[in-house]
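S.K.: You'll find data_28.cif just under this line, and it carries mmCIF, C-alpha atoms.
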data_model
loop_
_atom_site.label_atom_id
_atom_site.label_comp_id
_atom_site.auth_asym_id
_atom_site.auth_seq_id
_atom_site.Cartn_x
_atom_site.Cartn_y
_atom_site.Cartn_z
CA MET A 1 85.26 194.15 84.01
CA LYS A 2 89.04 194.25 83.49
CA PHE A 3 90.62 193.05 80.26
CA HIS A 4 94.01 191.40 80.58
CA PHE A 5 96.68 191.92 77.95
CA ALA A 6 97.33 188.19 77.83
CA ALA A 7 94.58 187.99 75.15
CA LEU A 8 96.57 189.00 72.11
CA ILE A 9 95.69 189.29 68.43
CA THR A 10 97.85 190.14 65.46
CA VAL A 11 97.34 193.26 63.35
CA ALA A 12 99.26 194.93 60.53
CA LEU A 13 101.41 197.75 61.90
CA SER A 14 102.71 200.82 60.10
CA VAL A 15 106.37 199.96 60.77
CA PRO A 16 108.46 197.45 58.82
CA ALA A 17 108.00 193.94 60.18
CA GLN A 18 111.22 192.58 61.61
CA THR A 19 110.52 188.96 60.78
CA SER A 20 114.22 188.33 60.24
CA PHE A 21 114.94 189.19 63.88
CA CYS A 22 114.30 185.52 64.64
CA GLN A 23 117.33 184.69 62.49
CA ASN A 24 119.80 185.91 65.16
CA LYS A 25 121.75 188.07 62.71
CA ILE A 26 124.42 190.50 63.91
CA LEU A 27 125.73 193.30 61.67
CA PHE A 28 129.17 194.85 62.26
CA ASP A 29 129.70 198.27 60.70
CA ALA A 30 132.69 199.04 58.47
CA SER A 31 131.16 202.04 56.65
CA LYS A 32 132.46 204.62 59.14
CA ALA A 33 136.23 204.15 58.69
CA GLU A 34 136.56 201.60 61.48
CA MET A 35 139.71 200.36 59.70
CA ALA A 36 141.40 203.77 59.34
CA GLY A 37 144.85 204.51 60.71
CA ASN A 38 146.13 202.03 63.27
CA ALA A 39 142.70 200.43 63.80
CA ASP A 40 141.25 197.29 62.30
CA TRP A 41 137.82 196.95 63.89
CA VAL A 42 136.56 194.46 61.31
CA ILE A 43 135.65 190.78 61.62
CA ASP A 44 137.15 189.57 58.33
CA ALA A 45 138.82 191.11 55.29
CA ASP A 46 140.02 189.24 52.22
CA GLN A 47 141.60 192.38 50.75
CA THR A 48 143.62 195.35 52.05
CA ASN A 49 143.12 197.93 49.30
CA ILE A 50 141.36 200.82 51.07
CA ARG A 51 142.78 204.31 51.40
CA PHE A 52 141.34 207.42 53.04
CA GLY A 53 141.34 210.79 51.32
CA SER A 54 142.03 214.23 52.75
CA SER A 55 138.34 214.62 53.63
CA GLY A 56 138.33 211.30 55.49
CA ASN A 57 136.44 209.38 52.82
CA ALA A 58 137.34 205.78 51.91
CA PHE A 59 138.15 204.69 48.39
CA LEU A 60 139.72 201.71 46.61
CA SER A 61 143.36 202.09 45.61
CA THR A 62 146.16 199.85 44.37
CA SER A 63 148.36 201.56 46.94
CA GLY A 64 145.85 201.15 49.78
CA ASN A 65 146.76 198.97 52.75
CA GLN A 66 143.69 199.26 54.99
CA SER A 67 141.26 196.36 55.42
CA ASN A 68 138.39 196.09 52.96
CA PRO A 69 135.94 193.74 54.71
CA GLN A 70 133.38 191.98 52.56
CA SER A 71 129.76 191.58 53.63
CA ILE A 72 129.99 187.83 54.30
CA PRO A 73 133.10 186.55 56.09
CA THR A 74 135.05 183.68 54.58
CA PRO A 75 135.54 180.77 55.06
CA PRO A 76 131.81 180.20 55.72
CA GLN A 77 130.72 180.49 59.33
CA SER A 78 128.94 177.17 58.95
CA GLY A 79 132.38 175.62 59.36
CA ILE A 80 132.91 177.08 62.84
CA THR A 81 132.84 174.59 65.71
CA ALA A 82 133.45 174.89 69.43
CA SER A 83 137.20 174.47 68.88
CA THR A 84 137.62 176.84 65.89
CA PRO A 85 140.32 179.48 66.57
CA GLU A 86 139.70 183.16 65.88
CA THR A 87 142.32 183.04 63.13
CA TYR A 88 139.64 181.33 61.04
CA TRP A 89 138.97 184.93 59.92
CA MET A 90 141.34 187.85 59.38
CA GLY A 91 140.25 190.88 61.35
CA GLY A 92 141.15 192.82 64.46
CA ILE A 93 137.87 191.82 66.11
CA SER A 94 137.51 188.34 64.59
CA SER A 95 137.67 186.69 68.04
CA TRP A 96 134.48 188.46 69.05
CA ALA A 97 132.71 187.47 65.84
CA VAL A 98 133.79 183.82 66.04
CA ASP A 99 132.58 183.65 69.65
CA LEU A 100 129.18 185.01 68.58
CA VAL A 101 128.90 182.37 65.86
CA LYS A 102 129.70 179.73 68.48
CA LYS A 103 126.77 181.14 70.47
CA GLY A 104 124.42 180.55 67.53
CA TYR A 105 124.45 183.97 65.84
CA THR A 106 125.06 184.78 62.18
CA VAL A 107 127.48 187.67 61.63
CA GLU A 108 127.90 190.01 58.66
CA THR A 109 129.70 193.26 57.86
CA LEU A 110 128.31 196.46 56.36
CA PRO A 111 131.22 197.29 53.99
CA TRP A 112 132.92 200.63 53.45
CA ASN A 113 130.40 201.63 50.75
CA GLY A 114 127.34 200.07 52.41
CA GLU A 115 124.09 201.90 53.12
CA ILE A 116 122.77 202.47 56.66
CA SER A 117 118.99 202.32 56.26
CA TYR A 118 115.87 201.12 58.04
CA GLY A 119 112.81 200.00 56.10
CA ASN A 120 114.48 200.04 52.66
CA THR A 121 113.48 196.71 51.13
CA SER A 122 115.88 197.20 48.21
CA ASN A 123 118.87 197.19 50.60
CA PRO A 124 119.78 193.57 51.46
CA GLN A 125 121.63 194.82 54.55
CA ASP A 126 118.84 197.07 55.79
CA LEU A 127 118.93 197.23 59.59
CA SER A 128 115.46 195.67 59.82
CA ASN A 129 117.14 192.38 58.84
CA TYR A 130 119.30 192.26 61.98
CA LYS A 131 118.94 191.89 65.71
CA VAL A 132 122.06 193.84 66.70
CA TYR A 133 124.12 196.53 64.97
CA ILE A 134 127.67 196.96 66.31
CA VAL A 135 129.52 200.19 65.50
CA ASP A 136 133.04 199.92 66.90
CA GLU A 137 134.64 203.38 66.99
CA PRO A 138 133.12 205.25 64.03
CA ASN A 139 135.36 207.86 62.40
CA ILE A 140 132.89 209.33 59.92
CA LYS A 141 129.90 211.37 61.10
CA PHE A 142 126.44 209.84 60.57
CA THR A 143 124.25 211.71 58.10
CA ALA A 144 120.81 212.93 59.14
CA THR A 145 119.21 210.06 57.22
CA GLU A 146 121.49 207.52 58.88
CA GLN A 147 120.75 208.93 62.34
CA THR A 148 117.03 208.56 61.75
CA ALA A 149 117.57 204.99 60.56
CA LEU A 150 119.47 204.15 63.75
CA MET A 151 116.69 205.61 65.89
CA ARG A 152 113.97 203.69 64.03
CA PHE A 153 116.02 200.50 64.33
CA VAL A 154 116.17 200.82 68.12
CA GLN A 155 112.59 202.05 68.49
CA ASN A 156 111.30 198.98 66.68
CA GLY A 157 113.24 196.38 68.65
CA GLY A 158 116.85 196.50 67.47
CA GLY A 159 119.95 196.42 69.64
CA LEU A 160 122.63 199.08 69.03
CA PHE A 161 126.16 198.68 70.47
CA MET A 162 127.93 202.06 70.49
CA ILE A 163 131.69 201.92 71.04
CA ALA A 164 133.85 205.04 71.30
CA ASP A 165 137.51 205.81 71.98
CA HIS A 166 139.52 208.52 73.67
CA ASP A 167 139.21 212.17 72.72
CA GLY A 168 141.43 213.08 69.77
CA ALA A 169 141.38 209.64 68.14
CA ASP A 170 140.46 211.00 64.71
CA ARG A 171 141.92 208.15 62.65
CA ASN A 172 140.88 209.41 59.20
CA TRP A 173 141.72 213.07 59.90
CA ASP A 174 138.31 214.50 59.02
CA GLY A 175 137.87 216.48 62.24
CA TRP A 176 135.49 213.99 63.86
CA GLY A 177 136.40 211.50 66.59
CA SER A 178 134.08 208.80 67.89
CA PRO A 179 132.93 210.60 71.10
CA GLN A 180 131.96 213.65 69.03
CA ILE A 181 130.22 211.45 66.43
CA TRP A 182 128.12 209.63 69.02
CA ASN A 183 127.22 212.83 70.87
CA ASP A 184 126.16 214.43 67.58
CA PHE A 185 123.88 211.45 67.01
CA PHE A 186 122.38 211.85 70.48
CA THR A 187 121.74 215.55 69.87
CA ASN A 188 120.75 215.84 66.21
CA ASN A 189 118.97 212.59 65.31
CA GLY A 190 115.70 214.35 64.44
CA VAL A 191 113.65 212.13 66.75
CA GLN A 192 114.56 212.93 70.35
CA ALA A 193 117.44 214.74 72.02
CA ASN A 194 119.44 212.56 74.42
CA PRO A 195 117.15 209.56 73.83
CA PHE A 196 119.24 207.05 75.76
CA GLY A 197 120.39 209.25 78.63
CA ILE A 198 124.05 208.73 77.61
CA THR A 199 126.72 211.32 76.79
CA PHE A 200 130.37 210.55 76.05
CA ASP A 201 133.06 212.60 77.82
CA TYR A 202 136.04 214.05 75.96
CA PHE A 203 138.77 212.36 78.00
CA ASP A 204 141.85 210.23 77.33
CA PHE A 205 142.85 207.89 80.14
CA SER A 206 144.06 204.36 80.77
CA GLY A 207 143.76 201.95 83.64
CA THR A 208 141.93 199.02 85.20
CA SER A 209 138.61 199.35 87.00
CA THR A 210 136.96 196.77 89.25
CA ALA A 211 134.10 199.15 90.13
CA VAL A 212 131.34 197.04 88.61
CA ALA A 213 127.60 196.82 89.19
CA THR A 214 125.81 193.91 90.85
CA THR A 215 126.06 190.33 89.62
CA THR A 216 122.46 190.56 88.36
CA ASP A 217 123.63 192.94 85.63
CA SER A 218 123.05 191.16 82.32
CA LEU A 219 126.06 192.76 80.62
CA LEU A 220 128.43 191.49 83.29
CA SER A 221 126.96 188.08 83.99
CA GLY A 222 125.59 185.69 81.39
CA SER A 223 126.17 182.50 79.48
CA MET A 224 129.70 183.62 78.53
CA GLY A 225 130.69 183.93 82.18
CA THR A 226 131.07 186.87 84.55
CA ALA A 227 133.13 190.02 84.01
CA THR A 228 134.55 191.67 87.12
CA ARG A 229 136.91 194.27 85.65
CA VAL A 230 137.68 196.35 82.57
CA TYR A 231 140.95 197.77 81.28
CA PHE A 232 140.97 200.94 79.16
CA ALA A 233 144.06 201.59 77.02
CA GLY A 234 143.27 205.17 76.10
CA GLY A 235 139.51 205.57 76.40
CA THR A 236 136.82 207.92 77.64
CA SER A 237 133.99 207.75 80.14
CA MET A 238 130.30 208.66 79.96
CA LYS A 239 127.68 210.57 81.86
CA ILE A 240 124.24 209.03 82.28
CA ASN A 241 120.99 210.88 82.93
CA THR A 242 117.99 208.99 84.31
CA THR A 243 115.79 212.04 83.78
CA ALA A 244 116.36 211.78 80.04
CA ASN A 245 115.90 207.98 80.09
CA SER A 246 114.73 206.28 83.26
CA THR A 247 116.21 202.91 82.23
CA VAL A 248 119.80 204.00 81.65
CA LYS A 249 122.36 202.52 84.03
CA GLY A 250 126.06 201.95 84.38
CA SER A 251 127.63 198.50 84.51
CA VAL A 252 131.28 199.48 84.98
CA PHE A 253 132.58 202.72 86.47
CA ARG A 254 135.92 204.48 86.45
CA ASN A 255 136.29 204.07 90.19
CA THR A 256 134.25 203.40 93.31
CA ALA A 257 133.53 207.11 93.74
CA SER A 258 131.82 207.36 90.37
CA ARG A 259 129.97 204.12 91.04
CA ALA A 260 128.56 205.61 94.22
CA LYS A 261 127.48 208.72 92.34
CA THR A 262 126.20 206.59 89.38
CA ASP A 263 125.78 209.45 86.89
CA THR A 264 129.36 210.19 85.82
CA GLY A 265 132.59 208.30 85.24
CA VAL A 266 130.71 205.43 83.57
CA LEU A 267 132.79 203.08 81.38
CA VAL A 268 130.02 200.70 80.26
CA ALA A 269 126.34 201.71 80.05
CA SER A 270 123.03 200.41 78.75
CA ALA A 271 119.46 201.59 78.27
CA ARG A 272 116.14 200.69 76.70
CA TYR A 273 114.36 202.86 74.17
CA GLY A 274 111.03 202.04 72.57
CA ARG A 275 111.12 198.29 71.99
CA GLY A 276 114.90 198.18 71.61
CA LYS A 277 118.08 198.40 73.63
CA VAL A 278 121.43 200.15 73.45
CA ALA A 279 124.79 199.54 75.07
CA ALA A 280 127.81 201.86 75.15
CA LEU A 281 131.53 201.30 75.79
CA GLY A 282 134.08 204.09 76.15
CA ASP A 283 137.08 202.34 74.57
CA SER A 284 137.67 200.19 71.48
CA SER A 285 140.73 198.49 72.98
CA PRO A 286 138.75 195.73 74.75
CA THR A 287 137.51 194.48 71.36
CA ASP A 288 141.00 194.19 69.80
CA ASP A 289 142.34 190.61 69.52
CA SER A 290 145.75 191.60 68.03
CA THR A 291 145.50 189.41 64.91
CA GLY A 292 144.12 191.68 62.18
CA ASN A 293 145.68 193.62 59.33
CA PRO A 294 149.49 193.25 59.54
CA ALA A 295 149.83 196.88 58.40
CA CYS A 296 148.40 197.90 61.80
CA THR A 297 149.96 197.59 65.24
CA LEU A 298 147.28 195.77 67.21
CA TYR A 299 147.08 194.72 70.85
CA ASP A 300 145.42 191.87 72.67
CA GLY A 301 142.60 193.52 74.56
CA TYR A 302 139.98 190.80 74.01
CA TRP A 303 141.92 187.90 75.52
CA GLY A 304 144.84 189.42 77.41
CA ASP A 305 143.79 192.64 79.12
CA ALA A 306 141.72 192.70 82.33
CA LEU A 307 142.57 189.04 83.00
CA GLY A 308 140.34 187.93 80.14
CA ASN A 309 137.24 189.75 81.42
CA HIS A 310 136.58 191.61 78.17
CA ARG A 311 135.49 188.46 76.38
CA PRO A 312 132.48 187.72 78.64
CA LEU A 313 131.59 191.42 78.84
CA LEU A 314 131.41 191.85 75.06
CA VAL A 315 129.62 188.59 74.28
CA ASN A 316 127.14 188.94 77.16
CA THR A 317 126.36 192.48 76.02
CA VAL A 318 125.48 191.32 72.50
CA ILE A 319 123.33 188.51 73.93
CA TRP A 320 121.47 191.07 76.05
CA LEU A 321 121.00 193.40 73.09
CA ALA A 322 119.68 190.55 70.96
CA SER A 323 117.29 189.16 73.55
CA GLY A 324 113.65 190.23 73.84
CA GLY A 325 111.64 190.69 77.01
CA THR A 326 113.07 191.32 80.45
CA THR A 327 116.53 190.05 81.33
CA SER A 328 117.20 191.11 84.90
CA ILE A 329 115.41 191.33 88.22
CA GLU A 330 115.08 195.12 88.27
CA GLU A 331 113.59 195.14 84.74
CA ALA A 332 110.99 192.46 85.36
CA MET A 333 107.36 193.34 84.70
CA LYS A 334 104.63 190.97 83.59
CA GLN A 335 101.84 191.54 81.09
CA GLU A 336 99.40 190.53 83.83
CA ASP A 337 100.46 193.69 85.69
CA ILE A 338 98.80 195.83 82.98
CA THR A 339 95.02 195.95 82.58
CA ILE A 340 92.37 198.17 81.00
CA TYR A 341 89.11 198.91 82.81
CA PRO A 342 86.23 198.99 82.25
CA ASN A 343 86.25 196.82 79.15
CA PRO A 344 83.78 196.81 77.40
CA ASN A 345 83.08 200.52 77.96
CA ASN A 346 81.15 203.43 76.45
CA GLY A 347 84.25 205.15 75.07
CA GLN A 348 86.25 206.00 78.18
CA SER A 349 88.60 203.56 79.91
CA TYR A 350 91.65 203.72 82.19
CA TRP A 351 94.95 201.98 82.82
CA ASN A 352 95.43 199.79 85.85
CA LEU A 353 99.20 199.44 86.33
CA ALA A 354 101.15 197.62 89.01
CA LEU A 355 104.06 200.03 88.39
CA PRO A 356 104.46 203.29 86.44
CA LEU A 357 105.79 202.94 82.90
CA HIS A 358 108.21 205.43 81.33
CA ASN A 359 108.61 206.66 77.75
CA THR A 360 105.42 204.90 76.74
CA THR A 361 103.57 205.13 73.44
CA VAL A 362 99.89 204.11 73.33
CA THR A 363 98.42 203.48 69.89
CA VAL A 364 94.73 202.75 69.25
CA MET A 365 93.82 201.16 65.89
CA ASN A 366 90.65 199.85 64.33
CA MET A 367 90.44 196.29 63.02
CA THR A 368 91.89 197.28 59.63
CA GLY A 369 95.04 198.63 61.27
CA THR A 370 94.17 202.33 60.79
CA VAL A 371 95.55 204.45 63.64
CA ILE A 372 92.68 206.19 65.47
CA ALA A 373 94.73 207.77 68.25
CA LYS A 374 98.36 207.80 69.34
CA GLU A 375 99.80 209.38 72.48
CA PHE A 376 103.24 209.47 74.13
CA TYR A 377 103.65 209.55 77.92
CA THR A 378 106.88 210.39 79.68
CA THR A 379 105.32 208.62 82.67
CA LEU A 380 102.21 206.44 82.37
CA GLU A 381 100.64 205.92 85.80
CA HIS A 382 97.79 203.99 87.37
CA HIS A 383 94.32 205.34 86.37
CA THR A 384 95.68 207.37 83.44
CA PRO A 385 92.80 207.60 80.92
CA LEU A 386 93.08 206.05 77.48
CA PRO A 387 92.18 208.17 74.45
CA THR A 388 88.42 208.71 74.32
CA LEU A 389 86.67 206.76 71.54
CA VAL A 390 83.33 208.01 70.21
CA ASN A 391 82.44 205.26 67.74
CA LYS A 392 81.24 201.82 68.76
CA GLY A 393 83.28 198.82 67.74
CA LEU A 394 86.31 196.66 68.39
CA TYR A 395 89.72 198.34 68.68
CA ILE A 396 93.33 197.25 69.08
CA VAL A 397 95.40 198.97 71.77
CA LYS A 398 99.19 198.69 71.48
CA LEU A 399 101.38 199.71 74.40
CA GLU A 400 105.13 200.16 73.96
CA SER A 401 107.34 201.28 76.85
CA ASP A 402 110.92 200.98 78.02
CA LYS A 403 109.97 197.81 79.89
CA ILE A 404 107.31 196.02 77.92
CA SER A 405 105.47 195.86 74.62
CA THR A 406 102.04 194.27 74.33
CA THR A 407 98.73 194.41 72.47
CA ALA A 408 95.05 193.81 73.39
CA ARG A 409 91.44 194.29 72.27
CA LEU A 410 89.18 197.07 73.52
CA ILE A 411 85.38 196.99 73.03
CA VAL A 412 83.31 200.21 72.85
CA TYR A 413 79.50 199.82 73.02
#
Show me the file's structure as structure tokens.
M.R.:
Amino acid sequence: MKFHFAALITVALSVPAQTSFCQNKILFDASKAEMAGNADWVIDADQTNIRFGSSGNAFLSTSGNQSNPQSIPTPPQSGITASTPETYWMGGISSWAVDLVKKGYTVETLPWNGEISYGNTSNPQDLSNYKVYIVDEPNIKFTATEQTALMRFVQNGGGLFMIADHDGADRNWDGWGSPQIWNDFFTNNGVQANPFGITFDYFDFSGTSTAVATTTDSLLSGSMGTATRVYFAGGTSMKINTTANSTVKGSVFRNTASRAKTDTGVLVASARYGRGKVAALGDSSPTDDSTGNPACTLYDGYWGDALGNHRPLLVNTVIWLASGGTTSIEEAMKQEDITIYPNPNNGQSYWNLALPLHNTTVTVMNMTGTVIAKEFYTTLEHHTPLPTLVNKGLYIVKLESDKISTTARLIVY
């Protein structure tokens, strides 16, 4: 007899429960010098008293003139209506944040001295409390602990938006630019090298591209409208590698030649990893709405460049990152397509899959939640055996892949 995964039961897992994910909370980072130099990639700042030292570190100073965004933007976002202008808040990317609030999300900022953590219940801004984490052009390298936290956040269902800038844009003069910082994270995160199949190039170019993917792409087409072009004002491209991550894909390409090749010259990319998702953009200019810190020279990339196409691209991308389940035709796979047989069995059973699954973790637990067996499969195929179980009883099998996450009971007699 086959046992369908539609019969679900709840068990205690060994990872932090992300109960707050249902709260639609978005966290913008400001702990990595996103406001250094001539940048102001913050959603709201009531003070401009930040300076950056010779080592690139931020500190408070009476002579500082860089934005110091607080955790909760003011006035309260509860006052935002459909007609509220982006000047409701003071920040170079306030338009983006106000649009997200209009879409039903709650937005916050991780301030300059905030902690990037996952599973730390003493940190009120722990990543487990958010659906999406947006890091718009980091200028300070992530520590090993922070890199692990980012990986755990994505593995357990979070959405990470990684935005870079052109090579050489080291705004706090510490020797690290955003492409180098992201590539260091991909390489040295302590969990998996090149987990998302994305690598930033070290380029500096400008121009408009209309080489976009199909209209079924969730980053390009969604409730905010459809994006058909992107303008980079000094940005870099990416390479993608489907061998490293079978789900990675480009949404916008530098030109039609790179779109045909699909693995290089990518301007906007996305991938799934574990139960989460990531998106990547090679330039911070599209996020700029020109109305932030008056000490900075800002430009209107959000509304003005690319004929207004950046607005739907950025908002649709966050919506995709925040959404669970499948969101496009090519990603669709139903729980009914996954079965275990025979069930009940005498300790040995097999997978019956309609399609192969990639980067899949299979965890077998007893009814108290104790892990009995755990295996990772680069490719999980039809008739792959489950871990052999020698003791009779009722078990919980949890399957987590790039496409689906589900749980079911397994009976051994």
S.K.: Of the residues A:Thr339, A:Trp320, A:Tyr350, A:Asn345, which is the one nearest to A:His383, using all atoms listed in the file?
M.R.: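 Residue with the minimum atom-to-atom distance to A:His383: A:Tyr350.
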S.K.: Counting all atoms listed in the file, which of A:Asn245, A:Thr264, A:Asn129, A:Ser218 gets nearest to A:Phe200?
M.R.: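 Among the listed residues, the smallest separation from A:Phe200 belongs to A:Thr264.
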S.K.: Check the smallest atom-to-atom distance from each of A:Asn139, A:Gly304, A:Asn188, A:Leu27 to A:Asp167 using only C-alpha atoms, then report the winner.
M.R.: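 Looking at the shortest contact to A:Asp167, the residue is A:Asn139.
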S.K.: Taking the file above as input, evaluate the PyMOL selection byres ((chain A and resi 50) around 9) and report the hits as a PDB file with C-alpha atoms, in the frame of the given file.
M.R.:
ATOM      1  CA  MET A  35     139.710 200.360  59.700  1.00  0.00           C
ATOM      2  CA  ALA A  36     141.400 203.770  59.340  1.00  0.00           C
ATOM      3  CA  GLN A  47     141.600 192.380  50.750  1.00  0.00           C
ATOM      4  CA  THR A  48     143.620 195.350  52.050  1.00  0.00           C
ATOM      5  CA  ASN A  49     143.120 197.930  49.300  1.00  0.00           C
ATOM      6  CA  ARG A  51     142.780 204.310  51.400  1.00  0.00           C
ATOM      7  CA  PHE A  52     141.340 207.420  53.040  1.00  0.00           C
ATOM      8  CA  ALA A  58     137.340 205.780  51.910  1.00  0.00           C
ATOM      9  CA  PHE A  59     138.150 204.690  48.390  1.00  0.00           C
ATOM     10  CA  LEU A  60     139.720 201.710  46.610  1.00  0.00           C
ATOM     11  CA  SER A  61     143.360 202.090  45.610  1.00  0.00           C
ATOM     12  CA  THR A  62     146.160 199.850  44.370  1.00  0.00           C
ATOM     13  CA  SER A  63     148.360 201.560  46.940  1.00  0.00           C
ATOM     14  CA  GLY A  64     145.850 201.150  49.780  1.00  0.00           C
ATOM     15  CA  ASN A  65     146.760 198.970  52.750  1.00  0.00           C
ATOM     16  CA  GLN A  66     143.690 199.260  54.990  1.00  0.00           C
ATOM     17  CA  SER A  67     141.260 196.360  55.420  1.00  0.00           C
ATOM     18  CA  ASN A  68     138.390 196.090  52.960  1.00  0.00           C
ATOM     19  CA  TRP A 112     132.920 200.630  53.450  1.00  0.00           C
TER      20      TRP A 112
END
S.K.: With distances taken over all atoms listed in the file, which residue among A:Ala244, A:Ala39, A:Val230, A:Leu267 lies nearest A:Leu307?
M.R.: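 Of the candidates, the smallest distance to A:Leu307 is held by A:Val230.
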S.K.: Return as JSON lines the residues of stretch 254-350 of chain A lying at most 12 Å from stretch 395-398 of chain A, together with the closest atom-to-atom pair for each and the distance in Å to one decimal, counting all atoms listed in the file, with rows in chain order and ascending residue number.
M.R.:
{"residue": "A:Arg275", "atom": "CA", "partner": "A:Lys398", "partner_atom": "CA", "distance": 11.9}
{"residue": "A:Ile338", "atom": "CA", "partner": "A:Lys398", "partner_atom": "CA", "distance": 11.9}
{"residue": "A:Thr339", "atom": "CA", "partner": "A:Val397", "partner_atom": "CA", "distance": 11.2}
{"residue": "A:Ile340", "atom": "CA", "partner": "A:Val397", "partner_atom": "CA", "distance": 9.7}
{"residue": "A:Asn343", "atom": "CA", "partner": "A:Tyr395", "partner_atom": "CA", "distance": 11.1}
{"residue": "A:Pro344", "atom": "CA", "partner": "A:Tyr395", "partner_atom": "CA", "distance": 10.7}
{"residue": "A:Asn345", "atom": "CA", "partner": "A:Tyr395", "partner_atom": "CA", "distance": 11.6}
{"residue": "A:Gly347", "atom": "CA", "partner": "A:Tyr395", "partner_atom": "CA", "distance": 10.8}
{"residue": "A:Ser349", "atom": "CA", "partner": "A:Val397", "partner_atom": "CA", "distance": 11.6}
S.K.: Between A:Arg409, A:Lys392, A:Lys239, A:Lys374, which residue has the minimum interatomic distance to A:Gly197, considering all atoms listed in the file?
M.R.: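 Among the listed residues, A:Lys239 lies closest to A:Gly197.
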S.K.: In file coordinates, which residues lie within 7 Å of (137.4, 207.5, 79.4) using all atoms listed in the file, given as JSON, numbers by chain?
M.R.: {"A": [166, 201, 203, 204, 205, 235, 236, 237, 267, 282]}
S.K.: Have a look at A:Thr256, A:Ser270, A:Ser323, A:Gln155 and name the one nearest to A:Asn241; count only C-alpha atoms.
M.R.: A:Ser270
S.K.: Hey, can you check how far atom CA of A:Lys261 sits from atom CA of A:Tyr231?
M.R.: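 So the answer is 20.6 Å.
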S.K.: Do a neighbour search on A:Ala269 at 7 Å with all atoms listed in the file, toss out local chain neighbours closer than 5 positions, and write the hits as a count of residues only.
M.R.: 6
S.K.: How close does stretch 308-383 of chain A get to stretch 81-98 of chain A? List, as CSV, each residue of stretch 308-383 of chain A within 9 Å, its nearest atom pair and the distance in Å to one decimal, counting all atoms listed in the file.
M.R.:
residue,atom,partner,partner_atom,distance
A:Arg311,CA,A:Trp96,CA,7.4
A:Leu314,CA,A:Trp96,CA,7.6
A:Val315,CA,A:Trp96,CA,7.1
S.K.: Taking (114.9, 205.7, 74.3) in the file's coordinates as the center, which residues reach within 12 Å of it, counting only C-alpha atoms, put as an mmCIF file with C-alpha atoms, in the frame of the given file?
M.R.:
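Heads up, here's the output in out-v9.cif:
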data_model
loop_
_atom_site.group_PDB
_atom_site.id
_atom_site.type_symbol
_atom_site.label_atom_id
_atom_site.label_comp_id
_atom_site.auth_asym_id
_atom_site.auth_seq_id
_atom_site.Cartn_x
_atom_site.Cartn_y
_atom_site.Cartn_z
ATOM 1 C CA LEU A 150 119.470 204.150 63.750
ATOM 2 C CA MET A 151 116.690 205.610 65.890
ATOM 3 C CA ARG A 152 113.970 203.690 64.030
ATOM 4 C CA PHE A 153 116.020 200.500 64.330
ATOM 5 C CA VAL A 154 116.170 200.820 68.120
ATOM 6 C CA GLN A 155 112.590 202.050 68.490
ATOM 7 C CA ASN A 156 111.300 198.980 66.680
ATOM 8 C CA GLY A 157 113.240 196.380 68.650
ATOM 9 C CA GLY A 158 116.850 196.500 67.470
ATOM 10 C CA GLY A 159 119.950 196.420 69.640
ATOM 11 C CA LEU A 160 122.630 199.080 69.030
ATOM 12 C CA PHE A 186 122.380 211.850 70.480
ATOM 13 C CA VAL A 191 113.650 212.130 66.750
ATOM 14 C CA GLN A 192 114.560 212.930 70.350
ATOM 15 C CA ALA A 193 117.440 214.740 72.020
ATOM 16 C CA ASN A 194 119.440 212.560 74.420
ATOM 17 C CA PRO A 195 117.150 209.560 73.830
ATOM 18 C CA PHE A 196 119.240 207.050 75.760
ATOM 19 C CA GLY A 197 120.390 209.250 78.630
ATOM 20 C CA ILE A 198 124.050 208.730 77.610
ATOM 21 C CA ASN A 241 120.990 210.880 82.930
ATOM 22 C CA THR A 242 117.990 208.990 84.310
ATOM 23 C CA THR A 243 115.790 212.040 83.780
ATOM 24 C CA ALA A 244 116.360 211.780 80.040
ATOM 25 C CA ASN A 245 115.900 207.980 80.090
ATOM 26 C CA SER A 246 114.730 206.280 83.260
ATOM 27 C CA THR A 247 116.210 202.910 82.230
ATOM 28 C CA VAL A 248 119.800 204.000 81.650
ATOM 29 C CA SER A 270 123.030 200.410 78.750
ATOM 30 C CA ALA A 271 119.460 201.590 78.270
ATOM 31 C CA ARG A 272 116.140 200.690 76.700
ATOM 32 C CA TYR A 273 114.360 202.860 74.170
ATOM 33 C CA GLY A 274 111.030 202.040 72.570
ATOM 34 C CA ARG A 275 111.120 198.290 71.990
ATOM 35 C CA GLY A 276 114.900 198.180 71.610
ATOM 36 C CA LYS A 277 118.080 198.400 73.630
ATOM 37 C CA VAL A 278 121.430 200.150 73.450
ATOM 38 C CA ALA A 279 124.790 199.540 75.070
ATOM 39 C CA HIS A 358 108.210 205.430 81.330
ATOM 40 C CA ASN A 359 108.610 206.660 77.750
ATOM 41 C CA THR A 360 105.420 204.900 76.740
ATOM 42 C CA THR A 361 103.570 205.130 73.440
ATOM 43 C CA THR A 378 106.880 210.390 79.680
ATOM 44 C CA GLU A 400 105.130 200.160 73.960
ATOM 45 C CA SER A 401 107.340 201.280 76.850
ATOM 46 C CA ASP A 402 110.920 200.980 78.020
ATOM 47 C CA LYS A 403 109.970 197.810 79.890
#
S.K.: Work out how far atom CA of A:Leu353 is from atom CA of A:Gly393, in Å to one decimal.
M.R.: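 A separation of 24.5 Å between them.
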S.K.: Quick one: distance from atom CA of A:Asn24 to atom CA of A:Ala149 in Å, one decimal?
M.R.: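 So the answer is 19.8 Å.
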